[in-house]
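Student: Here you go, this is final06.tsv (TSV, C-alpha atoms).
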```tsv
chain	number	residue	atom	x	y	z
A	1123	LYS	CA	20.59	109.32	151.18
A	1124	LYS	CA	24.22	108.93	152.15
A	1125	ARG	CA	24.90	106.76	149.09
A	1126	SER	CA	23.31	109.27	146.71
A	1127	TRP	CA	25.33	112.11	148.29
A	1128	ILE	CA	28.57	110.19	147.80
A	1129	TYR	CA	27.52	109.18	144.28
A	1130	ARG	CA	27.13	112.80	143.19
A	1131	ILE	CA	30.69	113.54	144.29
A	1132	ILE	CA	32.36	110.54	142.66
A	1133	MET	CA	30.03	110.03	139.69
A	1134	PRO	CA	31.61	107.76	137.08
A	1135	THR	CA	32.17	108.80	133.50
A	1136	TYR	CA	29.97	107.02	130.97
A	1137	LYS	CA	30.48	106.44	127.25
A	1138	LEU	CA	27.85	104.65	125.15
A	1139	THR	CA	29.04	103.35	121.78
A	1140	TYR	CA	26.59	102.38	119.05
A	1141	PHE	CA	25.84	103.05	115.41
A	1142	ASN	CA	24.15	106.27	114.33
A	1143	ALA	CA	20.74	104.76	114.98
A	1144	ARG	CA	18.18	104.39	117.75
A	1145	ALA	CA	17.54	100.62	117.75
A	1146	ARG	CA	19.14	98.72	120.63
A	1147	ALA	CA	20.91	101.73	122.16
A	1148	GLU	CA	17.92	104.02	122.46
A	1149	PRO	CA	16.54	102.60	125.73
A	1150	THR	CA	19.87	103.40	127.35
A	1151	ARG	CA	19.81	106.92	125.93
A	1152	PHE	CA	16.32	107.30	127.42
A	1153	ILE	CA	17.66	106.20	130.82
A	1154	PHE	CA	20.41	108.82	130.69
A	1155	ALA	CA	17.92	111.47	129.57
A	1156	GLN	CA	15.40	110.65	132.30
A	1157	SER	CA	18.11	110.49	134.97
A	1158	GLY	CA	19.86	113.68	133.90
A	1159	VAL	CA	23.22	111.92	134.07
A	1160	PRO	CA	25.85	113.16	131.58
A	1161	TYR	CA	27.42	110.67	129.17
A	1162	GLU	CA	29.22	110.52	125.84
A	1163	ASP	CA	26.91	109.34	123.05
A	1164	LYS	CA	29.48	107.93	120.63
A	1165	ARG	CA	27.95	107.07	117.25
A	1166	ILE	CA	30.07	105.20	114.77
A	1167	GLU	CA	29.67	104.67	111.04
A	1168	PHE	CA	29.20	101.14	109.71
A	1169	LYS	CA	32.46	101.42	107.78
A	1170	ASP	CA	34.34	101.81	111.08
A	1171	TRP	CA	32.76	98.77	112.74
A	1172	PRO	CA	35.19	96.05	111.52
A	1173	GLU	CA	38.11	97.86	113.17
A	1174	LEU	CA	36.24	98.39	116.44
A	1175	LYS	CA	34.55	94.98	116.65
A	1176	PRO	CA	37.52	92.94	118.02
A	1177	ASN	CA	37.80	95.38	120.93
A	1178	THR	CA	34.24	94.86	122.18
A	1179	PRO	CA	33.23	92.27	124.82
A	1180	PHE	CA	31.02	90.15	122.52
A	1181	GLY	CA	31.61	91.53	119.03
A	1182	VAL	CA	28.32	93.43	119.06
A	1183	LEU	CA	27.04	96.87	120.01
A	1184	PRO	CA	25.98	98.70	122.13
A	1185	VAL	CA	28.85	98.87	124.59
A	1186	LEU	CA	28.84	101.01	127.70
A	1187	GLU	CA	32.11	102.15	129.25
A	1188	ILE	CA	32.04	103.03	132.95
A	1189	ASP	CA	35.29	104.73	133.91
A	1190	GLY	CA	36.86	102.82	131.01
A	1191	LYS	CA	35.45	99.40	131.97
A	1192	GLN	CA	33.36	97.85	129.21
A	1193	LEU	CA	29.90	96.38	129.62
A	1194	GLY	CA	28.20	94.69	126.66
A	1195	GLY	CA	24.60	93.66	125.94
A	1196	SER	CA	21.68	96.05	125.53
A	1197	ILE	CA	19.53	94.51	128.27
A	1198	VAL	CA	22.42	94.19	130.72
A	1199	ILE	CA	23.43	97.81	130.14
A	1200	ALA	CA	19.89	99.08	130.61
A	1201	ARG	CA	19.34	96.97	133.71
A	1202	TYR	CA	22.62	98.12	135.26
A	1203	LEU	CA	21.85	101.79	134.69
A	1204	GLY	CA	18.20	101.41	135.63
A	1205	GLU	CA	19.18	99.98	138.99
A	1206	GLU	CA	21.88	102.62	139.48
A	1207	PHE	CA	19.57	105.53	138.68
A	1208	GLY	CA	16.37	104.44	140.44
A	1209	LEU	CA	14.47	103.23	137.37
A	1210	ALA	CA	14.11	99.66	138.57
A	1211	GLY	CA	12.38	97.52	141.19
A	1212	SER	CA	12.86	97.64	144.94
A	1213	ASN	CA	14.53	94.23	145.35
A	1214	ALA	CA	16.35	91.51	143.43
A	1215	PHE	CA	13.21	89.54	142.55
A	1216	GLU	CA	11.42	92.61	141.17
A	1217	ASN	CA	14.48	93.40	139.10
A	1218	ALA	CA	14.50	89.86	137.74
A	1219	GLU	CA	10.82	90.20	136.77
A	1220	ILE	CA	11.58	93.45	134.96
A	1221	SER	CA	14.43	91.74	133.10
A	1222	ALA	CA	12.09	88.92	132.08
A	1223	ILE	CA	9.75	91.45	130.46
A	1224	ALA	CA	12.75	93.01	128.71
A	1225	ASP	CA	13.75	89.58	127.34
A	1226	TRP	CA	10.29	89.22	125.81
A	1227	ILE	CA	10.50	92.68	124.28
A	1228	SER	CA	13.96	91.87	122.92
A	1229	GLU	CA	12.48	88.86	121.10
A	1230	TYR	CA	9.78	91.16	119.74
A	1231	PHE	CA	12.46	93.48	118.40
A	1232	THR	CA	14.38	90.59	116.85
A	1233	GLU	CA	11.27	89.50	114.95
A	1234	LEU	CA	10.77	93.06	113.71
A	1235	VAL	CA	14.40	93.30	112.54
A	1236	LYS	CA	13.96	90.16	110.42
A	1237	THR	CA	11.15	91.88	108.50
A	1238	ILE	CA	13.33	94.91	107.79
A	1239	PHE	CA	16.69	93.46	106.77
A	1240	GLU	CA	15.73	90.28	104.89
A	1241	LYS	CA	17.35	90.62	101.45
A	1242	ASP	CA	15.13	88.20	99.55
A	1243	GLU	CA	12.09	90.29	98.63
A	1244	THR	CA	9.70	87.34	98.45
A	1245	LYS	CA	10.74	86.05	101.84
A	1246	LYS	CA	10.69	89.57	103.23
A	1247	ALA	CA	7.07	90.01	102.18
A	1248	GLU	CA	6.20	86.68	103.82
A	1249	LEU	CA	7.93	87.71	107.05
A	1250	GLN	CA	6.12	91.04	107.09
A	1251	GLU	CA	2.76	89.37	106.56
A	1252	LYS	CA	3.41	86.86	109.34
A	1253	PHE	CA	4.59	89.60	111.69
A	1254	ARG	CA	1.46	91.65	110.96
A	1255	ASP	CA	-0.97	88.75	111.28
A	1256	GLU	CA	0.66	86.73	114.08
A	1257	GLY	CA	3.78	88.32	115.55
A	1258	ILE	CA	2.34	91.58	116.85
A	1259	LYS	CA	-0.55	89.76	118.51
A	1260	LYS	CA	1.74	87.14	120.03
A	1261	PHE	CA	3.94	89.69	121.76
A	1262	ASN	CA	1.32	92.33	122.55
A	1263	ASP	CA	-1.08	89.83	124.12
A	1264	ILE	CA	1.53	88.97	126.76
A	1265	LEU	CA	2.72	92.52	127.32
A	1266	GLU	CA	-0.81	93.91	127.66
A	1267	LYS	CA	-1.33	91.68	130.70
A	1268	LYS	CA	1.73	93.17	132.37
A	1269	VAL	CA	0.54	96.80	132.24
A	1270	SER	CA	-0.30	98.29	135.64
A	1271	PRO	CA	-3.38	100.48	136.25
A	1272	GLU	CA	-1.03	103.46	136.21
A	1273	GLY	CA	0.09	102.59	132.69
A	1274	TRP	CA	3.58	101.16	133.23
A	1275	LEU	CA	4.90	97.71	132.41
A	1276	TYR	CA	5.97	97.07	135.99
A	1277	GLY	CA	4.49	98.63	139.08
A	1278	ASN	CA	3.20	102.14	139.59
A	1279	LYS	CA	6.14	104.09	138.19
A	1280	VAL	CA	8.35	104.24	135.14
A	1281	THR	CA	11.15	101.70	134.93
A	1282	TRP	CA	13.80	101.06	132.31
A	1283	VAL	CA	11.69	98.33	130.67
A	1284	ASP	CA	9.10	100.95	129.63
A	1285	PHE	CA	11.83	102.55	127.54
A	1286	PHE	CA	12.59	99.18	125.95
A	1287	PHE	CA	8.98	98.78	124.93
A	1288	TYR	CA	8.73	102.33	123.65
A	1289	THR	CA	11.76	101.88	121.40
A	1290	VAL	CA	10.31	98.76	119.81
A	1291	ILE	CA	6.78	100.06	119.31
A	1292	ALA	CA	8.08	103.34	117.89
A	1293	ASN	CA	9.79	101.31	115.18
A	1294	ILE	CA	6.76	99.12	114.57
A	1295	LEU	CA	4.04	101.76	114.25
A	1296	PRO	CA	5.25	103.45	111.03
A	1297	GLY	CA	4.82	100.17	109.13
A	1298	TYR	CA	1.98	98.67	111.18
A	1299	LYS	CA	-0.20	101.59	112.16
A	1300	ASN	CA	-2.86	99.46	113.88
A	1301	ALA	CA	-0.40	97.65	116.15
A	1302	LEU	CA	-1.83	99.14	119.36
A	1303	ASP	CA	-5.50	99.45	118.36
A	1304	LYS	CA	-6.59	96.51	120.53
A	1305	TYR	CA	-4.12	97.20	123.34
A	1306	PRO	CA	-5.20	100.20	125.44
A	1307	GLY	CA	-2.73	99.37	128.20
A	1308	LEU	CA	0.26	99.37	125.89
A	1309	ASP	CA	-0.99	102.53	124.21
A	1310	LYS	CA	-1.06	104.13	127.66
A	1311	VAL	CA	2.52	103.01	128.32
A	1312	LYS	CA	3.61	104.64	125.06
A	1313	LYS	CA	1.82	107.89	125.90
A	1314	ASN	CA	3.15	107.88	129.47
A	1315	VAL	CA	6.72	107.58	128.23
A	1316	GLU	CA	6.25	110.34	125.67
A	1317	SER	CA	4.76	112.63	128.32
A	1318	LEU	CA	7.81	112.49	130.59
A	1319	PRO	CA	9.30	115.98	130.17
A	1320	LYS	CA	12.92	114.86	129.92
A	1321	ILE	CA	12.05	112.12	127.43
A	1322	ALA	CA	9.92	114.48	125.36
A	1323	LYS	CA	12.89	116.87	125.22
A	1324	TRP	CA	15.25	114.08	124.14
A	1325	ILE	CA	12.88	112.85	121.42
A	1326	LYS	CA	12.59	116.39	120.08
A	1327	GLU	CA	16.32	117.12	120.11
A	1328	ARG	CA	17.96	113.76	119.32
A	1329	PRO	CA	19.65	113.14	115.95
A	1330	GLU	CA	17.28	112.13	113.14
A	1331	THR	CA	17.92	108.54	112.05
A	1332	GLN	CA	15.97	105.97	110.01
A	1333	TYR	CA	15.85	103.36	112.77
```
Let me see the file written as structure tokens.

Tutor:
Amino acid sequence: KKRSWIYRIIMPTYKLTYFNARARAEPTRFIFAQSGVPYEDKRIEFKDWPELKPNTPFGVLPVLEIDGKQLGGSIVIARYLGEEFGLAGSNAFENAEISAIADWISEYFTELVKTIFEKDETKKAELQEKFRDEGIKKFNDILEKKVSPEGWLYGNKVTWVDFFFYTVIANILPGYKNALDKYPGLDKVKKNVESLPKIAKWIKERPETQY
């Protein structure tokens, strides 16, 4: 209690920089929304990226600035904020397990991205077919086993990794409408996230983007 009281008085300033898209920054935006913590949601245009890129920690986005100090990596950012704002486990091992699930989801997202941005149309069609027939099952089979009876990916309450999953599946479903048909647990996770009042408000009010 003492820590939270002090934290409210000396709360850092946060700035999240990403493109004008949901993608890898959206889980972090969900964390801010759910926590009610103010931040600057800086969205850059692709044409401005070459100038900004050399000034980022790893030459990729998103980047989170905490009182001017930069932190790079979508999973690292989400884990840091999740632990800061009470959307994580209760000890170091639980937090490591949550991060392991996030790593798996990140691979899921990477496979999806390949099917979207492949420029060769023949290869793109092959990637989409493989993702539909093999990829979704591969990733969902593992994730389904992680879902708790309460409908969260870790434990009996929402954690930041639920937002990671939601972001990926929300991008998958428009093109693969049956992706959750055989996965009632994951479908429950999706519905649980959408039913959180602060998340529902963010989804309704956030900028409209393609991805």

Student: Which of these residues is nearest to Ile1188 (chain A), using all atoms listed in the file: A:Leu1302, A:Ala1210, A:Met1133, A:Ala1222?

Tutor: A:Met1133

Student: Hey, can I get the axis-aligned box for region 1243-1250 of chain A? All listed atoms, 5 Å padding on each side, centre and edge lengths in Å to one decimal, as lines of an AutoDock Vina configuration file.

Tutor:
```
center_x = 9.1
center_y = 88.5
center_z = 102.8
size_x = 16.0
size_y = 15.0
size_z = 18.6
```

Student: So how many Å separate CA of Asp1303 (chain A) and CA of Lys1260 (chain A), to one decimal?

Tutor: 14.4 Å

Student: Do a neighbour search on Tyr1288 (chain A) at 9 Å with only C-alpha atoms, toss out local chain neighbours closer than 2 positions, and write the hits as an MDAnalysis selection string.

Tutor: chainID A and resid 1149 1283:1286 1290:1293 1311:1312 1315:1316

Student: May I ask which of the residues A:Tyr1333, A:Trp1282, A:Phe1253, A:Trp1324 is the closest one to Val1198 (chain A), counting only C-alpha atoms?

Tutor: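 Nearest candidate to Val1198 (chain A) out of A:Tyr1333, A:Trp1282, A:Phe1253, A:Trp1324: A:Trp1282.
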
Student: Between CA of Leu1209 (chain A) and CA of Gly1277 (chain A), what is the distance, to one decimal in Å?

Tutor: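 Those two atoms sit 11.1 Å apart.
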
Student: Quick one: pull the distance between CA of Ile1258 (chain A) and CA of Tyr1230 (chain A), Å, one decimal.

Tutor: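 Taking CA of Ile1258 (chain A) as the start and CA of Tyr1230 (chain A) as the end point, the length is 8.0 Å.
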
Student: Please provide the set of residues having any atom within 9 Å of Val1182 (chain A), restricted to all atoms listed in the file, with same-chain residues fewer than 6 positions apart removed, written as a ChimeraX atom specification.

Tutor: /A:1175,1194-1195

Student: Have a look at A:Phe1287, A:Trp1171, A:Tyr1305, A:Tyr1136 and name the one nearest to Glu1266 (chain A); count only C-alpha atoms.

Tutor: A:Tyr1305

Student: Within 12 Å of Glu1256 (chain A), counting only C-alpha atoms, which residues qualify if same-chain residues fewer than 5 places away don't, as a PyMOL selection string?

Tutor: chain A and resi 1230+1233-1234+1248-1251+1261-1263+1301

Student: May I have the residues within 10 Å of Lys1279 (chain A) as a ChimeraX atom specification, using all atoms listed in the file and disregarding those fewer than 6 positions away in the same chain?

Tutor: /A:1209-1211,1270,1272-1273,1314

Student: Using only C-alpha atoms for the distances, tell me which of A:Ile1264, A:Leu1138, A:Val1235, A:Leu1174 is nearest to Ile1294 (chain A).

Tutor: A:Val1235

Student: Using only C-alpha atoms, which residue out of A:Phe1231, A:Lys1299, A:Thr1289, A:Gly1181 lies closest to Arg1151 (chain A)?

Tutor: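 Among the listed residues, the smallest separation from Arg1151 (chain A) belongs to A:Thr1289.
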
Student: Counting all atoms listed in the file, what are the residues of region 1187-1305 of chain A within 10 Å of region 1157-1161 of chain A, and for each of them which pair of atoms is the nearest and at what distance in Å, to one decimal? Sort the table by chain and rising number, as CSV.

Tutor:
```
residue,atom,partner,partner_atom,distance
A:Glu1187,CA,A:Tyr1161,CA,9.7
A:Ile1188,CA,A:Tyr1161,CA,9.7
A:Leu1203,CA,A:Ser1157,CA,9.5
A:Gly1204,CA,A:Ser1157,CA,9.1
A:Glu1206,CA,A:Ser1157,CA,9.8
A:Phe1207,CA,A:Ser1157,CA,6.4
A:Gly1208,CA,A:Ser1157,CA,8.3
A:Leu1209,CA,A:Ser1157,CA,8.5
```

Student: Counting all atoms listed in the file, what is within 9 Å of region 1214-1217 of chain A, bar same-chain residues fewer than 5 positions away, as a list in words?

Tutor: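 Residues near the query, excluding close chain neighbours: Arg1201, Glu1205, Ala1222 and Tyr1276 of chain A.
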
Student: Emit a file covering region 1232-1263 of chain A of the preceding structure with N, CA, C and O atoms, as an mmCIF file, in the first residue's frame.

Tutor:
```cif
data_model
loop_
_atom_site.group_PDB
_atom_site.id
_atom_site.type_symbol
_atom_site.label_atom_id
_atom_site.label_comp_id
_atom_site.auth_asym_id
_atom_site.auth_seq_id
_atom_site.Cartn_x
_atom_site.Cartn_y
_atom_site.Cartn_z
ATOM 1 N N THR A 1232 4.107 -13.512 -35.807
ATOM 2 C CA THR A 1232 5.098 -13.459 -36.886
ATOM 3 C C THR A 1232 4.659 -14.294 -38.080
ATOM 4 O O THR A 1232 4.807 -13.885 -39.243
ATOM 5 N N GLU A 1233 4.093 -15.475 -37.816
ATOM 6 C CA GLU A 1233 3.599 -16.329 -38.892
ATOM 7 C C GLU A 1233 2.436 -15.658 -39.632
ATOM 8 O O GLU A 1233 2.329 -15.761 -40.853
ATOM 9 N N LEU A 1234 1.576 -14.992 -38.886
ATOM 10 C CA LEU A 1234 0.466 -14.268 -39.511
ATOM 11 C C LEU A 1234 0.985 -13.150 -40.413
ATOM 12 O O LEU A 1234 0.515 -12.975 -41.548
ATOM 13 N N VAL A 1235 1.954 -12.397 -39.924
ATOM 14 C CA VAL A 1235 2.501 -11.262 -40.677
ATOM 15 C C VAL A 1235 3.067 -11.727 -42.022
ATOM 16 O O VAL A 1235 2.915 -11.041 -43.038
ATOM 17 N N LYS A 1236 3.705 -12.885 -42.031
ATOM 18 C CA LYS A 1236 4.251 -13.422 -43.290
ATOM 19 C C LYS A 1236 3.153 -13.595 -44.338
ATOM 20 O O LYS A 1236 3.381 -13.374 -45.528
ATOM 21 N N THR A 1237 1.966 -13.998 -43.902
ATOM 22 C CA THR A 1237 0.868 -14.238 -44.841
ATOM 23 C C THR A 1237 0.265 -12.936 -45.367
ATOM 24 O O THR A 1237 -0.441 -12.940 -46.370
ATOM 25 N N ILE A 1238 0.541 -11.842 -44.691
ATOM 26 C CA ILE A 1238 -0.044 -10.551 -45.071
ATOM 27 C C ILE A 1238 0.877 -9.765 -45.999
ATOM 28 O O ILE A 1238 0.435 -9.180 -46.986
ATOM 29 N N PHE A 1239 2.171 -9.777 -45.692
ATOM 30 C CA PHE A 1239 3.088 -8.861 -46.377
ATOM 31 C C PHE A 1239 3.990 -9.522 -47.422
ATOM 32 O O PHE A 1239 4.828 -8.845 -48.008
ATOM 33 N N GLU A 1240 3.825 -10.817 -47.663
ATOM 34 C CA GLU A 1240 4.568 -11.463 -48.747
ATOM 35 C C GLU A 1240 4.174 -10.822 -50.089
ATOM 36 O O GLU A 1240 2.991 -10.700 -50.403
ATOM 37 N N LYS A 1241 5.182 -10.415 -50.864
ATOM 38 C CA LYS A 1241 4.904 -9.686 -52.106
ATOM 39 C C LYS A 1241 4.633 -10.607 -53.293
ATOM 40 O O LYS A 1241 3.916 -10.237 -54.218
ATOM 41 N N ASP A 1242 5.220 -11.784 -53.284
ATOM 42 C CA ASP A 1242 4.979 -12.742 -54.355
ATOM 43 C C ASP A 1242 3.607 -13.385 -54.134
ATOM 44 O O ASP A 1242 3.390 -14.074 -53.140
ATOM 45 N N GLU A 1243 2.698 -13.154 -55.053
ATOM 46 C CA GLU A 1243 1.309 -13.589 -54.858
ATOM 47 C C GLU A 1243 1.164 -15.108 -54.777
ATOM 48 O O GLU A 1243 0.345 -15.623 -54.019
ATOM 49 N N THR A 1244 1.962 -15.827 -55.547
ATOM 50 C CA THR A 1244 1.902 -17.290 -55.496
ATOM 51 C C THR A 1244 2.369 -17.800 -54.138
ATOM 52 O O THR A 1244 1.715 -18.645 -53.518
ATOM 53 N N LYS A 1245 3.483 -17.273 -53.688
ATOM 54 C CA LYS A 1245 4.013 -17.671 -52.385
ATOM 55 C C LYS A 1245 3.084 -17.237 -51.257
ATOM 56 O O LYS A 1245 2.895 -17.955 -50.271
ATOM 57 N N LYS A 1246 2.489 -16.068 -51.418
ATOM 58 C CA LYS A 1246 1.558 -15.559 -50.417
ATOM 59 C C LYS A 1246 0.370 -16.498 -50.258
ATOM 60 O O LYS A 1246 -0.052 -16.805 -49.138
ATOM 61 N N ALA A 1247 -0.165 -16.966 -51.367
ATOM 62 C CA ALA A 1247 -1.292 -17.901 -51.322
ATOM 63 C C ALA A 1247 -0.896 -19.204 -50.636
ATOM 64 O O ALA A 1247 -1.677 -19.781 -49.863
ATOM 65 N N GLU A 1248 0.331 -19.661 -50.897
ATOM 66 C CA GLU A 1248 0.832 -20.880 -50.253
ATOM 67 C C GLU A 1248 0.974 -20.687 -48.743
ATOM 68 O O GLU A 1248 0.622 -21.574 -47.957
ATOM 69 N N LEU A 1249 1.489 -19.531 -48.350
ATOM 70 C CA LEU A 1249 1.649 -19.229 -46.925
ATOM 71 C C LEU A 1249 0.301 -19.155 -46.213
ATOM 72 O O LEU A 1249 0.142 -19.652 -45.091
ATOM 73 N N GLN A 1250 -0.669 -18.545 -46.876
ATOM 74 C CA GLN A 1250 -2.004 -18.435 -46.293
ATOM 75 C C GLN A 1250 -2.663 -19.795 -46.127
ATOM 76 O O GLN A 1250 -3.309 -20.066 -45.111
ATOM 77 N N GLU A 1251 -2.476 -20.655 -47.121
ATOM 78 C CA GLU A 1251 -3.045 -22.002 -47.047
ATOM 79 C C GLU A 1251 -2.399 -22.801 -45.917
ATOM 80 O O GLU A 1251 -3.094 -23.481 -45.144
ATOM 81 N N LYS A 1252 -1.084 -22.703 -45.808
ATOM 82 C CA LYS A 1252 -0.372 -23.420 -44.742
ATOM 83 C C LYS A 1252 -0.759 -22.889 -43.368
ATOM 84 O O LYS A 1252 -0.927 -23.659 -42.417
ATOM 85 N N PHE A 1253 -0.910 -21.579 -43.259
ATOM 86 C CA PHE A 1253 -1.307 -20.973 -41.982
ATOM 87 C C PHE A 1253 -2.707 -21.449 -41.590
ATOM 88 O O PHE A 1253 -2.961 -21.788 -40.433
ATOM 89 N N ARG A 1254 -3.610 -21.497 -42.556
ATOM 90 C CA ARG A 1254 -4.983 -21.940 -42.302
ATOM 91 C C ARG A 1254 -5.032 -23.416 -41.902
ATOM 92 O O ARG A 1254 -5.713 -23.784 -40.945
ATOM 93 N N ASP A 1255 -4.279 -24.238 -42.627
ATOM 94 C CA ASP A 1255 -4.379 -25.687 -42.433
ATOM 95 C C ASP A 1255 -3.488 -26.224 -41.314
ATOM 96 O O ASP A 1255 -3.796 -27.255 -40.711
ATOM 97 N N GLU A 1256 -2.380 -25.529 -41.031
ATOM 98 C CA GLU A 1256 -1.428 -26.040 -40.046
ATOM 99 C C GLU A 1256 -1.096 -25.038 -38.940
ATOM 100 O O GLU A 1256 -1.043 -25.405 -37.762
ATOM 101 N N GLY A 1257 -0.857 -23.801 -39.329
ATOM 102 C CA GLY A 1257 -0.356 -22.806 -38.380
ATOM 103 C C GLY A 1257 -1.313 -22.513 -37.233
ATOM 104 O O GLY A 1257 -0.920 -22.524 -36.056
ATOM 105 N N ILE A 1258 -2.555 -22.238 -37.560
ATOM 106 C CA ILE A 1258 -3.540 -21.893 -36.524
ATOM 107 C C ILE A 1258 -3.670 -23.035 -35.524
ATOM 108 O O ILE A 1258 -3.676 -22.816 -34.306
ATOM 109 N N LYS A 1259 -3.750 -24.261 -36.032
ATOM 110 C CA LYS A 1259 -3.861 -25.419 -35.149
ATOM 111 C C LYS A 1259 -2.620 -25.567 -34.272
ATOM 112 O O LYS A 1259 -2.718 -25.820 -33.058
ATOM 113 N N LYS A 1260 -1.458 -25.416 -34.866
ATOM 114 C CA LYS A 1260 -0.201 -25.548 -34.128
ATOM 115 C C LYS A 1260 -0.160 -24.621 -32.909
ATOM 116 O O LYS A 1260 0.164 -25.062 -31.798
ATOM 117 N N PHE A 1261 -0.504 -23.375 -33.121
ATOM 118 C CA PHE A 1261 -0.414 -22.400 -32.028
ATOM 119 C C PHE A 1261 -1.602 -22.500 -31.070
ATOM 120 O O PHE A 1261 -1.440 -22.439 -29.848
ATOM 121 N N ASN A 1262 -2.794 -22.671 -31.618
ATOM 122 C CA ASN A 1262 -3.983 -22.744 -30.763
ATOM 123 C C ASN A 1262 -3.994 -23.986 -29.879
ATOM 124 O O ASN A 1262 -4.470 -23.932 -28.737
ATOM 125 N N ASP A 1263 -3.506 -25.099 -30.393
ATOM 126 C CA ASP A 1263 -3.486 -26.327 -29.592
ATOM 127 C C ASP A 1263 -2.716 -26.119 -28.290
ATOM 128 O O ASP A 1263 -3.149 -26.566 -27.218
#
```
